[in-house]
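Engineer: Quick one: the structure is below, and I'll ask about it shortly.
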Amino acid sequence: MRHFFEHKEHLVRMAVLFVVGILAFVVFREIMVPAGFGEYGHFRAGALDDVRAHPVKYAGQATCVQCHTDIAEQRAQGKHAHIGCEACHGPLATHAEGKSDEVPTKPDPRATCLRCHTQNVTKPKTFPQIVPAEHSAEGPCTACHQAHSPSLS
Amino acid sequence: MHGLMQGVQGYIYPDELELQWGVLIVLYPYITGLVAGAFILASLERVFKVEAVKPTYRLALLTALAFLLVAPLPLQLHLGHPERSLEMYFTPHTTSAMAMFGFVYLWYLMAVLVLEIWLDYRKDIVLMWKASTGLKAWMYKIMALGSDDISERALLTDDKVGHFITIVGIPSAFLLHGYVGFIFGSVKANPWWSSPMMPVVFLFSAIVSGIALVLVMYQFTAWYKRLPVRMDCLDTIARYLMYAFIIDFSLEMLDLLHRIYEADESFKSLDFMVHTRLYFSQIILQIILGTLLPIGMLALAQLVKLTDKARQGLYAAAGLLTLVGIFAMRWNVVIGGQLFSKSFLGYTTYKMDLVSREGLLPSIVLMILPFVILAVLVRILPPWPSAEDEAA
Amino acid sequence: MDETRRDFLLKTGKFIVLSAAAAGAWEAVVHGQPDRVPEAYRLLDHWWAFTIDIDKCIGCGNCVYACKKENDVPLEPQFSRTWVERYHVNPDDMEHPEVDSPDGGYFGFPEKYAGQDGKNFFVPKMCNHCATSPCVQVCPVGATFESPDGVVLVDKSYCLGCRYCVQACPYGCRFIDPRTSTVDKCTLCYHRITKGLTTACCEVCPTGARQLGDLKNPNDPIHAFLRDHKVQILKPQMATGAKCYYNGLDGSVR
């Protein structure tokens, strides 16, 4: 054995250097891998919670109708019954949460309607569409229609 | 937004407005290719005992090392979070072609290149250690790992181990660059890249570029050091370059022919691109100036009897054209693969910044850096034959 | 799991809990599914999917708008987690549809093809939350992943911004958020759907063209939808296991 290592000391030193390097890497890696990595798959389990921690901006229709029961009733029979309140009113989670005193602004009673109902050949034929200039050149749509139950009032 | 829309033709997905991989990612396969090619040329001498290329053996190894040290820098610079790059070693995703590259790179750098250079230079290192004083002596002592055994038996062992490492090194060099090709070739979403030919084409173009680099560097260093150029060496390298180039070009043409003949759903889109946005870099620069012309020049040197001086000039010009051609090839792969929309309904353009982190300036610096490193390396570890070797 | 649930409740406060419960209750009323009230969110009890009904999309752009609001998606440059494309296909040249998506559809679509021969339709696009996702496959570090409940997510504190996943996505659904230099994409409103809410885009879709579905919930209407319609996924040749099912998808759509 002794004979074998004769004149190979430099190689042994190099080998030791490599082994030390690899060991150092293994130890360093143990320290550096984030907690929970690999729990559910090849990712940091905490990432799921991170994504979930994002604040909700749209409270959701179910939240709105808890307080606005009158509107809910008004909508129930009409053609807009299944449209989320925030589709027209915008994101209102802070309002629903009571965190903000800000009174939600009313949607523009013409532009909001036209966003969906302006005629466009790309829209499905069955969808109710109007040419604004022909249908009613100006003024709010709500002069004739009820936004929450839009057949003629 | 409207600035970005400029240069867009037809329809591209909104998130395709920004080109993801710029000129830095062109440099990455280019530089790794030079490494792999230079190493493979060096191995010829060692494993296949091609005596004629021996004068370039050490220079090729040092060139490979200099470029390999720079290879990860463009990647690093391009990352959104360079400080997180070590994650690739800590939690490598085994299904990712990119994750494995880190290990292939380390293996190649440490287990192959550094070790082989160390073994080959050990005698010189010890001699220089003994011959110098002060800091310099310390540097060489550390490099020798404090062992000054340069007895006949020790050197014989070094040679055997070195031989073994070279044998391991050749597939490693193939792996290194075949791997880079796989990083692109395995992206099934991108028809310009997705091809099993990609690793093979990358490998052969790597060999071509590496040989061309050594061919140029050998002549340059000989001129700079006023050393005589060994024409048998030069002729041999040039011949290898031509053979490798012909194989490389045939493979690329096979790939092209296959695409044209199959003409799948992406073909019209890609064909249009090659005839417009990529016309200059692909047809003119890569194929005509960067491939056909140097192959022709190398063939000319084979067919016609020319003076040494004329052959030298021809080889140098062919080598430089080859280096440009292979760069154009990397450019066409990396940038070309991002100029069309994955909807096949539109095209975008690549606008290179000048001084930004991923711009032209850092790329130029990164292209000069390996030569600076090489200049330092040849000072520490001179690759030129010593007076006694010349005499022998 | 219970531990994290408790932590999470403390963190996000009373409102979320209440609204989650309320939303659950509302869903239960609408769909007659008393079991949908989420007590504690169990990862393995869900397998999220999505349906898009081309015949119902009116191109109002509400979804694009709401997605940007809900998820703080940068307005400029015009990156989108979801966008709407407008197709115009001339019957004489079926292979070359004319497509546009001005600002991703954020402001809706001004009339463009009136009086022209051909068929016209909108195609909402978003992450397909593929089950064998190419983007996840190529991520070198595990910063993007398929969650156990079938959502492709990004760990923004771990992403190194190499952009390989952007290259690998056949649908163009990923981009680099210039503010964080990390990749960004549709999370399927993971922060909402794990609290019993639907996604922001579904919440504001006036025609119900977009629907979130849970394939592991036997009472989810998605089962009926998939049974009753001839659905298609985008680029099926990519074999990505896309879970975004389109009804009425034209063959010209790329």
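Order determines the names: the first chain of the structure tokens is A, the second B, and so forth; residues in each chain are numbered 1 upward, and ligands are numbered 1 upward as they are shown.
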Just the residues within 12 Å of stretch 130-137 of chain A, please, counting only C-alpha atoms, with nothing from its chain fewer than 2 positions along; format it as a list in words.
Structural biologist: Arg110, Ala111, Cys113, Leu114, Arg115, Cys116, His117, Thr118, Gln119, Asn120, Val121, Lys123, Lys125, Phe127, Pro128, Gly139, Pro140, Cys141, Thr142, Ala143, Cys144 and His145 of chain A; Glu111 of chain C
Engineer: At a cut-off of 8 Å, using only C-alpha atoms, what residues contact C:Ala131? Leave out same-chain residues fewer than 2 positions from it and give the result as a ChimeraX atom specification.
Structural biologist: /C:129,133,146,150,240-243
Engineer: May I have the residues from that selection written out with all heavy atoms, as an mmCIF file, in the first residue's frame?
Structural biologist:
data_model
loop_
_atom_site.group_PDB
_atom_site.id
_atom_site.type_symbol
_atom_site.label_atom_id
_atom_site.label_comp_id
_atom_site.auth_asym_id
_atom_site.auth_seq_id
_atom_site.Cartn_x
_atom_site.Cartn_y
_atom_site.Cartn_z
ATOM 1 N N HIS C 129 -53.066 26.135 -17.586
ATOM 2 C CA HIS C 129 -52.809 25.329 -16.384
ATOM 3 C C HIS C 129 -52.637 23.852 -16.737
ATOM 4 O O HIS C 129 -53.322 22.972 -16.203
ATOM 5 C CB HIS C 129 -53.887 25.584 -15.341
ATOM 6 C CG HIS C 129 -53.830 26.998 -14.831
ATOM 7 N ND1 HIS C 129 -52.907 27.426 -13.914
ATOM 8 C CD2 HIS C 129 -54.516 28.097 -15.204
ATOM 9 C CE1 HIS C 129 -53.045 28.723 -13.715
ATOM 10 N NE2 HIS C 129 -54.010 29.164 -14.491
ATOM 11 N N SER C 133 -46.998 20.390 -17.839
ATOM 12 C CA SER C 133 -46.699 21.706 -18.381
ATOM 13 C C SER C 133 -45.246 21.839 -18.834
ATOM 14 O O SER C 133 -44.327 21.563 -18.080
ATOM 15 C CB SER C 133 -46.989 22.730 -17.290
ATOM 16 O OG SER C 133 -46.700 23.989 -17.768
ATOM 17 N N GLU C 146 -46.513 22.932 -10.701
ATOM 18 C CA GLU C 146 -47.933 22.605 -10.709
ATOM 19 C C GLU C 146 -48.323 22.318 -9.271
ATOM 20 O O GLU C 146 -47.759 21.422 -8.651
ATOM 21 C CB GLU C 146 -48.179 21.367 -11.582
ATOM 22 C CG GLU C 146 -48.032 21.626 -13.069
ATOM 23 C CD GLU C 146 -47.392 20.448 -13.813
ATOM 24 O OE1 GLU C 146 -47.350 19.341 -13.263
ATOM 25 O OE2 GLU C 146 -46.909 20.663 -14.934
ATOM 26 N N GLY C 150 -53.626 21.410 -9.151
ATOM 27 C CA GLY C 150 -53.712 21.588 -10.595
ATOM 28 C C GLY C 150 -53.580 23.006 -11.116
ATOM 29 O O GLY C 150 -54.126 23.327 -12.156
ATOM 30 N N THR C 240 -49.742 19.127 -23.916
ATOM 31 C CA THR C 240 -49.370 19.761 -22.662
ATOM 32 C C THR C 240 -50.325 19.411 -21.524
ATOM 33 O O THR C 240 -50.108 19.816 -20.395
ATOM 34 C CB THR C 240 -49.386 21.293 -22.817
ATOM 35 O OG1 THR C 240 -50.681 21.674 -23.299
ATOM 36 C CG2 THR C 240 -48.330 21.768 -23.787
ATOM 37 N N GLY C 241 -51.378 18.695 -21.840
ATOM 38 C CA GLY C 241 -52.372 18.410 -20.808
ATOM 39 C C GLY C 241 -53.106 19.669 -20.391
ATOM 40 O O GLY C 241 -53.422 19.862 -19.210
ATOM 41 N N ALA C 242 -53.370 20.550 -21.368
ATOM 42 C CA ALA C 242 -54.035 21.820 -21.061
ATOM 43 C C ALA C 242 -55.398 21.565 -20.422
ATOM 44 O O ALA C 242 -56.128 20.664 -20.839
ATOM 45 C CB ALA C 242 -54.191 22.635 -22.340
ATOM 46 N N LYS C 243 -55.728 22.363 -19.415
ATOM 47 C CA LYS C 243 -57.002 22.187 -18.724
ATOM 48 C C LYS C 243 -57.950 23.358 -18.967
ATOM 49 O O LYS C 243 -58.830 23.624 -18.165
ATOM 50 C CB LYS C 243 -56.762 22.009 -17.221
ATOM 51 C CG LYS C 243 -55.963 20.741 -16.898
ATOM 52 C CD LYS C 243 -56.236 20.197 -15.514
ATOM 53 C CE LYS C 243 -55.922 21.130 -14.375
ATOM 54 N NZ LYS C 243 -54.592 21.708 -14.347
#
Engineer: Select, from C:Pro221, C:Pro236, C:Gly161, C:Gly59, the residue with the minimum atom-to-atom distance to chain A, counting only C-alpha atoms.
Structural biologist: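 For chain A, the nearest of the candidates is C:Gly59.
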Engineer: Report, in Å to a single decimal, how far apart atom CA of C:Ser80 and atom CA of C:His191 are.
Structural biologist: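 Atom CA of C:His191 sits 18.2 Å away from atom CA of C:Ser80.
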Engineer: Counting only C-alpha atoms, what are the residues of chain A within 7 Å of chain C, and for each of them which pair of atoms is the nearest and at what distance in Å, to one decimal? Sort the table by chain and rising number, as a Markdown table.
Structural biologist:
| residue | atom | partner | partner_atom | distance |
| --- | --- | --- | --- | --- |
| A:Tyr40 | CA | C:Pro148 | CA | 6.9 |
| A:His42 | CA | C:Gly142 | CA | 5.4 |
| A:Phe43 | CA | C:Gly142 | CA | 4.8 |
| A:Ala47 | CA | C:Asp155 | CA | 5.3 |
| A:Val51 | CA | C:His191 | CA | 6.2 |
| A:Arg52 | CA | C:His191 | CA | 3.9 |
| A:Ala53 | CA | C:His191 | CA | 6.4 |
| A:His54 | CA | C:His191 | CA | 5.9 |
| A:Val56 | CA | C:Arg192 | CA | 6.7 |
| A:Lys57 | CA | C:Glu70 | CA | 5.2 |
| A:Tyr58 | CA | C:Ala200 | CA | 6.5 |
| A:Gly60 | CA | C:Glu203 | CA | 6.6 |
| A:Ala62 | CA | C:Ala23 | CA | 4.9 |
| A:Thr63 | CA | C:Ser19 | CA | 5.7 |
| A:Ile83 | CA | C:Pro206 | CA | 4.9 |
| A:Gly84 | CA | C:Val204 | CA | 5.4 |
| A:Glu86 | CA | C:Val204 | CA | 6.2 |
| A:Ala87 | CA | C:Val204 | CA | 4.1 |
| A:Glu97 | CA | C:Phe15 | CA | 6.0 |
| A:Arg115 | CA | C:Cys60 | CA | 5.8 |
| A:Cys116 | CA | C:Cys60 | CA | 5.4 |
| A:Asn120 | CA | C:Glu111 | CA | 5.4 |
| A:Val121 | CA | C:Ala114 | CA | 5.8 |
| A:Thr122 | CA | C:Asn120 | CA | 4.6 |
| A:Lys123 | CA | C:Ile58 | CA | 4.8 |
| A:Pro124 | CA | C:Asp55 | CA | 6.1 |
